[in-house]
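Trainee: Supplied structure: run22.pdb, PDB, N, CA and C atoms.
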ATOM      1  N   MET A   1     -28.880  55.759  -2.499
ATOM      2  CA  MET A   1     -28.519  54.681  -1.613
ATOM      3  C   MET A   1     -29.697  53.728  -1.413
ATOM      4  N   SER A   2     -30.889  54.293  -1.330
ATOM      5  CA  SER A   2     -32.069  53.451  -1.157
ATOM      6  C   SER A   2     -32.318  52.614  -2.412
ATOM      7  N   CYS A   3     -31.911  53.120  -3.547
ATOM      8  CA  CYS A   3     -32.043  52.378  -4.808
ATOM      9  C   CYS A   3     -31.134  51.161  -4.776
ATOM     10  N   ALA A   4     -29.909  51.343  -4.240
ATOM     11  CA  ALA A   4     -28.956  50.238  -4.141
ATOM     12  C   ALA A   4     -29.462  49.187  -3.166
ATOM     13  N   ASN A   5     -30.110  49.601  -2.071
ATOM     14  CA  ASN A   5     -30.650  48.647  -1.095
ATOM     15  C   ASN A   5     -31.778  47.825  -1.692
ATOM     16  N   GLU A   6     -32.478  48.341  -2.647
ATOM     17  CA  GLU A   6     -33.559  47.599  -3.290
ATOM     18  C   GLU A   6     -33.054  46.789  -4.487
ATOM     19  N   LEU A   7     -31.998  47.279  -5.150
ATOM     20  CA  LEU A   7     -31.505  46.633  -6.363
ATOM     21  C   LEU A   7     -30.616  45.416  -6.064
ATOM     22  N   PHE A   8     -29.759  45.485  -5.047
ATOM     23  CA  PHE A   8     -28.831  44.386  -4.744
ATOM     24  C   PHE A   8     -29.550  43.091  -4.358
ATOM     25  N   PRO A   9     -30.559  43.102  -3.507
ATOM     26  CA  PRO A   9     -31.257  41.833  -3.227
ATOM     27  C   PRO A   9     -31.906  41.229  -4.471
ATOM     28  N   ILE A  10     -32.413  42.060  -5.364
ATOM     29  CA  ILE A  10     -33.023  41.542  -6.600
ATOM     30  C   ILE A  10     -31.960  40.877  -7.471
ATOM     31  N   ILE A  11     -30.796  41.524  -7.586
ATOM     32  CA  ILE A  11     -29.694  40.953  -8.378
ATOM     33  C   ILE A  11     -29.217  39.650  -7.745
ATOM     34  N   LEU A  12     -29.096  39.624  -6.415
ATOM     35  CA  LEU A  12     -28.643  38.406  -5.738
ATOM     36  C   LEU A  12     -29.656  37.279  -5.899
ATOM     37  N   TYR A  13     -30.953  37.569  -5.794
ATOM     38  CA  TYR A  13     -31.971  36.543  -6.000
ATOM     39  C   TYR A  13     -31.957  36.032  -7.435
ATOM     40  N   LEU A  14     -31.764  36.915  -8.373
ATOM     41  CA  LEU A  14     -31.703  36.523  -9.779
ATOM     42  C   LEU A  14     -30.491  35.628 -10.037
ATOM     43  N   LEU A  15     -29.335  36.008  -9.515
ATOM     44  CA  LEU A  15     -28.128  35.183  -9.686
ATOM     45  C   LEU A  15     -28.266  33.849  -8.957
ATOM     46  N   GLY A  16     -28.912  33.865  -7.798
ATOM     47  CA  GLY A  16     -29.150  32.612  -7.067
ATOM     48  C   GLY A  16     -30.044  31.679  -7.850
ATOM     49  N   CYS A  17     -31.080  32.217  -8.490
ATOM     50  CA  CYS A  17     -31.962  31.386  -9.318
ATOM     51  C   CYS A  17     -31.213  30.806 -10.502
ATOM     52  N   ILE A  18     -30.402  31.620 -11.137
ATOM     53  CA  ILE A  18     -29.606  31.139 -12.283
ATOM     54  C   ILE A  18     -28.647  30.040 -11.835
ATOM     55  N   LEU A  19     -27.996  30.240 -10.699
ATOM     56  CA  LEU A  19     -27.074  29.227 -10.176
ATOM     57  C   LEU A  19     -27.811  27.938  -9.843
ATOM     58  N   LEU A  20     -28.998  28.046  -9.262
ATOM     59  CA  LEU A  20     -29.785  26.864  -8.935
ATOM     60  C   LEU A  20     -30.186  26.105 -10.194
ATOM     61  N   ILE A  21     -30.581  26.820 -11.241
ATOM     62  CA  ILE A  21     -30.961  26.172 -12.500
ATOM     63  C   ILE A  21     -29.755  25.482 -13.135
ATOM     64  N   VAL A  22     -28.604  26.148 -13.109
ATOM     65  CA  VAL A  22     -27.388  25.544 -13.678
ATOM     66  C   VAL A  22     -27.001  24.296 -12.897
ATOM     67  N   LEU A  23     -27.088  24.335 -11.576
ATOM     68  CA  LEU A  23     -26.746  23.158 -10.766
ATOM     69  C   LEU A  23     -27.719  22.009 -10.999
ATOM     70  N   ILE A  24     -28.993  22.313 -11.210
ATOM     71  CA  ILE A  24     -29.971  21.261 -11.511
ATOM     72  C   ILE A  24     -29.647  20.615 -12.853
ATOM     73  N   ILE A  25     -29.317  21.427 -13.856
ATOM     74  CA  ILE A  25     -28.964  20.879 -15.182
ATOM     75  C   ILE A  25     -27.708  20.021 -15.084
ATOM     76  N   LEU A  26     -26.695  20.488 -14.351
ATOM     77  CA  LEU A  26     -25.467  19.690 -14.180
ATOM     78  C   LEU A  26     -25.754  18.393 -13.427
ATOM     79  N   GLY A  27     -26.626  18.446 -12.443
ATOM     80  CA  GLY A  27     -26.990  17.237 -11.702
ATOM     81  C   GLY A  27     -27.668  16.216 -12.591
ATOM     82  N   ILE A  28     -28.571  16.672 -13.461
ATOM     83  CA  ILE A  28     -29.262  15.763 -14.384
ATOM     84  C   ILE A  28     -28.267  15.138 -15.363
ATOM     85  N   ARG A  29     -27.349  15.931 -15.886
ATOM     86  CA  ARG A  29     -26.328  15.385 -16.800
ATOM     87  C   ARG A  29     -25.417  14.395 -16.075
ATOM     88  N   LEU A  30     -25.097  14.693 -14.833
ATOM     89  CA  LEU A  30     -24.254  13.787 -14.052
ATOM     90  C   LEU A  30     -24.962  12.460 -13.818
ATOM     91  N   ILE A  31     -26.248  12.497 -13.545
ATOM     92  CA  ILE A  31     -27.010  11.263 -13.352
ATOM     93  C   ILE A  31     -27.029  10.444 -14.639
ATOM     94  N   LYS A  32     -27.243  11.106 -15.786
ATOM     95  CA  LYS A  32     -27.232  10.388 -17.067
ATOM     96  C   LYS A  32     -25.862   9.766 -17.338
ATOM     97  N   THR A  33     -24.801  10.506 -17.045
ATOM     98  CA  THR A  33     -23.444   9.988 -17.253
ATOM     99  C   THR A  33     -23.173   8.802 -16.345
ATOM    100  N   LEU A  34     -23.604   8.873 -15.105
ATOM    101  CA  LEU A  34     -23.398   7.761 -14.171
ATOM    102  C   LEU A  34     -24.190   6.527 -14.590
ATOM    103  N   ASN A  35     -25.372   6.730 -15.171
ATOM    104  CA  ASN A  35     -26.130   5.586 -15.682
ATOM    105  C   ASN A  35     -25.399   4.908 -16.832
ATOM    106  N   ARG A  36     -24.799   5.702 -17.707
ATOM    107  CA  ARG A  36     -24.021   5.126 -18.811
ATOM    108  C   ARG A  36     -22.797   4.380 -18.289
ATOM    109  N   VAL A  37     -22.127   4.965 -17.318
ATOM    110  CA  VAL A  37     -20.949   4.316 -16.738
ATOM    111  C   VAL A  37     -21.354   3.017 -16.045
ATOM    112  N   ASP A  38     -22.487   3.029 -15.366
ATOM    113  CA  ASP A  38     -22.969   1.824 -14.695
ATOM    114  C   ASP A  38     -23.265   0.718 -15.704
ATOM    115  N   ALA A  39     -23.882   1.075 -16.829
ATOM    116  CA  ALA A  39     -24.161   0.093 -17.874
ATOM    117  C   ALA A  39     -22.859  -0.457 -18.458
ATOM    118  N   LEU A  40     -21.873   0.404 -18.636
ATOM    119  CA  LEU A  40     -20.580  -0.026 -19.164
ATOM    120  C   LEU A  40     -19.883  -0.977 -18.198
ATOM    121  N   ILE A  41     -19.933  -0.672 -16.922
ATOM    122  CA  ILE A  41     -19.304  -1.540 -15.920
ATOM    123  C   ILE A  41     -20.010  -2.887 -15.860
ATOM    124  N   ASP A  42     -21.332  -2.892 -15.956
ATOM    125  CA  ASP A  42     -22.064  -4.159 -15.985
ATOM    126  C   ASP A  42     -21.657  -4.988 -17.197
ATOM    127  N   ASP A  43     -21.500  -4.352 -18.346
ATOM    128  CA  ASP A  43     -21.091  -5.052 -19.564
ATOM    129  C   ASP A  43     -19.692  -5.646 -19.405
ATOM    130  N   VAL A  44     -18.797  -4.873 -18.822
ATOM    131  CA  VAL A  44     -17.425  -5.362 -18.599
ATOM    132  C   VAL A  44     -17.440  -6.535 -17.621
ATOM    133  N   ASN A  45     -18.256  -6.472 -16.593
ATOM    134  CA  ASN A  45     -18.343  -7.577 -15.631
ATOM    135  C   ASN A  45     -18.861  -8.849 -16.285
ATOM    136  N   VAL A  46     -19.861  -8.710 -17.141
ATOM    137  CA  VAL A  46     -20.404  -9.880 -17.838
ATOM    138  C   VAL A  46     -19.340 -10.495 -18.740
ATOM    139  N   LYS A  47     -18.642  -9.659 -19.479
ATOM    140  CA  LYS A  47     -17.615 -10.178 -20.396
ATOM    141  C   LYS A  47     -16.441 -10.779 -19.638
ATOM    142  N   SER A  48     -16.062 -10.185 -18.519
ATOM    143  CA  SER A  48     -14.946 -10.748 -17.757
ATOM    144  C   SER A  48     -15.345 -12.063 -17.095
ATOM    145  N   SER A  49     -16.608 -12.190 -16.695
ATOM    146  CA  SER A  49     -17.040 -13.459 -16.114
ATOM    147  C   SER A  49     -17.046 -14.562 -17.170
ATOM    148  N   LYS A  50     -17.300 -14.210 -18.420
ATOM    149  CA  LYS A  50     -17.226 -15.202 -19.494
ATOM    150  C   LYS A  50     -15.788 -15.646 -19.725
ATOM    151  N   LEU A  51     -14.843 -14.754 -19.476
ATOM    152  CA  LEU A  51     -13.434 -15.097 -19.692
ATOM    153  C   LEU A  51     -12.811 -15.817 -18.502
ATOM    154  N   ASN A  52     -13.499 -15.890 -17.381
ATOM    155  CA  ASN A  52     -12.941 -16.555 -16.204
ATOM    156  C   ASN A  52     -12.614 -18.017 -16.489
ATOM    157  N   GLY A  53     -13.454 -18.681 -17.266
ATOM    158  CA  GLY A  53     -13.189 -20.076 -17.613
ATOM    159  C   GLY A  53     -11.895 -20.219 -18.399
ATOM    160  N   VAL A  54     -11.668 -19.323 -19.320
ATOM    161  CA  VAL A  54     -10.441 -19.357 -20.123
ATOM    162  C   VAL A  54      -9.233 -19.122 -19.227
ATOM    163  N   PHE A  55      -9.342 -18.159 -18.316
ATOM    164  CA  PHE A  55      -8.222 -17.886 -17.419
ATOM    165  C   PHE A  55      -7.964 -19.052 -16.469
ATOM    166  N   ASP A  56      -9.021 -19.755 -16.056
ATOM    167  CA  ASP A  56      -8.834 -20.933 -15.216
ATOM    168  C   ASP A  56      -8.088 -22.027 -15.970
ATOM    169  N   ILE A  57      -8.442 -22.227 -17.237
ATOM    170  CA  ILE A  57      -7.751 -23.233 -18.051
ATOM    171  C   ILE A  57      -6.281 -22.863 -18.211
ATOM    172  N   ILE A  58      -6.012 -21.597 -18.476
ATOM    173  CA  ILE A  58      -4.623 -21.146 -18.623
ATOM    174  C   ILE A  58      -3.866 -21.337 -17.311
ATOM    175  N   ASP A  59      -4.516 -21.055 -16.206
ATOM    176  CA  ASP A  59      -3.874 -21.202 -14.900
ATOM    177  C   ASP A  59      -3.539 -22.655 -14.615
ATOM    178  N   HIS A  60      -4.487 -23.554 -14.880
ATOM    179  CA  HIS A  60      -4.228 -24.978 -14.651
ATOM    180  C   HIS A  60      -3.130 -25.504 -15.579
ATOM    181  N   THR A  61      -3.136 -25.052 -16.826
ATOM    182  CA  THR A  61      -2.100 -25.470 -17.766
ATOM    183  C   THR A  61      -0.730 -24.980 -17.316
ATOM    184  N   ALA A  62      -0.662 -23.741 -16.860
ATOM    185  CA  ALA A  62       0.620 -23.209 -16.379
ATOM    186  C   ALA A  62       1.097 -23.973 -15.150
ATOM    187  N   ASP A  63       0.181 -24.322 -14.258
ATOM    188  CA  ASP A  63       0.564 -25.112 -13.079
ATOM    189  C   ASP A  63       1.083 -26.490 -13.477
ATOM    190  N   ALA A  64       0.414 -27.113 -14.437
ATOM    191  CA  ALA A  64       0.857 -28.432 -14.893
ATOM    192  C   ALA A  64       2.233 -28.354 -15.542
ATOM    193  N   LEU A  65       2.442 -27.341 -16.368
ATOM    194  CA  LEU A  65       3.758 -27.186 -17.002
ATOM    195  C   LEU A  65       4.843 -26.898 -15.976
ATOM    196  N   ALA A  66       4.508 -26.122 -14.945
ATOM    197  CA  ALA A  66       5.484 -25.844 -13.890
ATOM    198  C   ALA A  66       5.828 -27.119 -13.140
ATOM    199  N   ASN A  67       4.834 -27.971 -12.863
ATOM    200  CA  ASN A  67       5.102 -29.241 -12.181
ATOM    201  C   ASN A  67       5.971 -30.147 -13.037
ATOM    202  N   ILE A  68       5.690 -30.193 -14.335
ATOM    203  CA  ILE A  68       6.493 -31.032 -15.234
ATOM    204  C   ILE A  68       7.933 -30.525 -15.286
ATOM    205  N   SER A  69       8.106 -29.211 -15.382
ATOM    206  CA  SER A  69       9.470 -28.683 -15.436
ATOM    207  C   SER A  69      10.189 -28.894 -14.102
ATOM    208  N   ASP A  70       9.468 -28.809 -12.986
ATOM    209  CA  ASP A  70      10.089 -29.089 -11.682
ATOM    210  C   ASP A  70      10.542 -30.541 -11.593
ATOM    211  N   MET A  71       9.721 -31.451 -12.112
ATOM    212  CA  MET A  71      10.114 -32.866 -12.088
ATOM    213  C   MET A  71      11.325 -33.094 -12.992
ATOM    214  N   ALA A  72      11.353 -32.448 -14.157
ATOM    215  CA  ALA A  72      12.480 -32.618 -15.074
ATOM    216  C   ALA A  72      13.756 -32.066 -14.450
ATOM    217  N   VAL A  73      13.675 -30.910 -13.831
ATOM    218  CA  VAL A  73      14.854 -30.329 -13.185
ATOM    219  C   VAL A  73      15.305 -31.199 -12.031
ATOM    220  N   GLY A  74      14.361 -31.733 -11.272
ATOM    221  CA  GLY A  74      14.712 -32.629 -10.172
ATOM    222  C   GLY A  74      15.395 -33.892 -10.671
ATOM    223  N   PHE A  75      14.916 -34.457 -11.769
ATOM    224  CA  PHE A  75      15.518 -35.652 -12.342
ATOM    225  C   PHE A  75      16.936 -35.372 -12.817
ATOM    226  N   VAL A  76      17.123 -34.276 -13.533
ATOM    227  CA  VAL A  76      18.454 -33.927 -14.033
ATOM    228  C   VAL A  76      19.402 -33.669 -12.865
ATOM    229  N   THR A  77      18.934 -32.956 -11.863
ATOM    230  CA  THR A  77      19.780 -32.649 -10.701
ATOM    231  C   THR A  77      20.184 -33.911  -9.967
ATOM    232  N   SER A  78      19.218 -34.816  -9.754
ATOM    233  CA  SER A  78      19.569 -36.059  -9.057
ATOM    234  C   SER A  78      20.509 -36.910  -9.888
ATOM    235  N   SER A  79      20.345 -36.917 -11.212
ATOM    236  CA  SER A  79      21.240 -37.689 -12.080
ATOM    237  C   SER A  79      22.656 -37.129 -12.012
ATOM    238  N   VAL A  80      22.787 -35.819 -12.083
ATOM    239  CA  VAL A  80      24.112 -35.205 -12.000
ATOM    240  C   VAL A  80      24.722 -35.466 -10.635
ATOM    241  N   ARG A  81      23.933 -35.370  -9.579
ATOM    242  CA  ARG A  81      24.440 -35.622  -8.224
ATOM    243  C   ARG A  81      24.927 -37.072  -8.084
ATOM    244  N   LYS A  82      24.188 -38.023  -8.658
ATOM    245  CA  LYS A  82      24.594 -39.425  -8.591
ATOM    246  C   LYS A  82      25.903 -39.647  -9.342
ATOM    247  N   MET A  83      26.037 -39.008 -10.520
ATOM    248  CA  MET A  83      27.266 -39.172 -11.291
ATOM    249  C   MET A  83      28.450 -38.569 -10.542
ATOM    250  N   ILE A  84      28.265 -37.443  -9.914
ATOM    251  CA  ILE A  84      29.356 -36.819  -9.149
ATOM    252  C   ILE A  84      29.729 -37.694  -7.961
ATOM    253  N   ASN A  85      28.725 -38.235  -7.274
ATOM    254  CA  ASN A  85      29.009 -39.112  -6.126
ATOM    255  C   ASN A  85      29.739 -40.378  -6.563
ATOM    256  N   LYS A  86      29.370 -40.944  -7.728
ATOM    257  CA  LYS A  86      30.056 -42.135  -8.227
ATOM    258  C   LYS A  86      31.521 -41.829  -8.515
ATOM    259  N   ARG A  87      31.795 -40.683  -9.124
ATOM    260  CA  ARG A  87      33.177 -40.316  -9.444
ATOM    261  C   ARG A  87      33.982 -40.110  -8.163
ATOM    262  N   LYS A  88      33.365 -39.487  -7.171
ATOM    263  CA  LYS A  88      34.070 -39.287  -5.905
ATOM    264  C   LYS A  88      34.379 -40.626  -5.239
ATOM    265  N   LYS A  89      33.456 -41.577  -5.281
ATOM    266  CA  LYS A  89      33.681 -42.899  -4.693
ATOM    267  C   LYS A  89      34.781 -43.648  -5.449
ATOM    268  N   GLU A  90      34.788 -43.522  -6.786
ATOM    269  CA  GLU A  90      35.831 -44.178  -7.568
ATOM    270  C   GLU A  90      37.197 -43.571  -7.275
ATOM    271  N   GLU A  91      37.259 -42.250  -7.119
ATOM    272  CA  GLU A  91      38.523 -41.613  -6.801
ATOM    273  C   GLU A  91      38.999 -41.992  -5.407
ATOM    274  N   GLU A  92      38.099 -42.180  -4.472
ATOM    275  CA  GLU A  92      38.466 -42.588  -3.125
ATOM    276  C   GLU A  92      38.972 -44.035  -3.120
ATOM    277  N   LYS A  93      38.408 -44.896  -3.977
ATOM    278  CA  LYS A  93      38.837 -46.275  -4.061
ATOM    279  C   LYS A  93      40.248 -46.356  -4.643
ATOM    280  N   HIS A  94      40.583 -45.513  -5.593
ATOM    281  CA  HIS A  94      41.889 -45.526  -6.229
ATOM    282  C   HIS A  94      42.972 -45.011  -5.289
ATOM    283  N   GLU A  95      42.628 -44.176  -4.374
ATOM    284  CA  GLU A  95      43.618 -43.605  -3.465
ATOM    285  C   GLU A  95      43.862 -44.552  -2.366
TER     286      GLU A  95
END
Show this structure as structure tokens.
Mentor:
Amino acid sequence: MSCANELFPIILYLLGCILLIVLIILGIRLIKTLNRVDALIDDVNVKSSKLNGVFDIIDHTADALANISDMAVGFVTSSVRKMINKRKKEEEKHE
């Protein structure tokens, strides 16, 4: 029994040291991985900022096309409305 009282703390200290070494190695690898991810995110940010100008041009072009189509639809709608009103007035005159 006295042998077990002396052996268990030694085994626990040994396992604790091994666990500490493994956690230190994992921490170092995690730091290296996070540095790579940080560099990748910086690269993506730089490239996306370069594309912002292109997206702004596309946005302005889409807005202009939407305004043109709204004006065309408004013109067609008003023309059809005028023709319908003229026909109604002519039918009222005949009656």
Trainee: Let me have the centre and edge lengths in Å, one decimal, of the box along x, y and z around every listed atom of stretch 7-11 of chain A with 6 Å of margin on each side, as lines of an AutoDock Vina configuration file.
Mentor:
center_x = -30.9
center_y = 43.5
center_z = -5.8
size_x = 16.2
size_y = 19.6
size_z = 17.2
Trainee: Between atom C of A:Lys50 and atom N of A:Ala62, what is the spacing in Å?
Mentor: 17.4 Å
Trainee: Quick one, how far is atom N of A:Lys32 from atom C of A:Gly16?
Mentor: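 Atom C of A:Gly16 lies 22.2 Å from atom N of A:Lys32.
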Trainee: At what distance in Å, to one decimal, does atom C of A:Met71 lie from atom N of A:Glu92?
Mentor: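 Computing it gives 29.5 Å between the two atoms.
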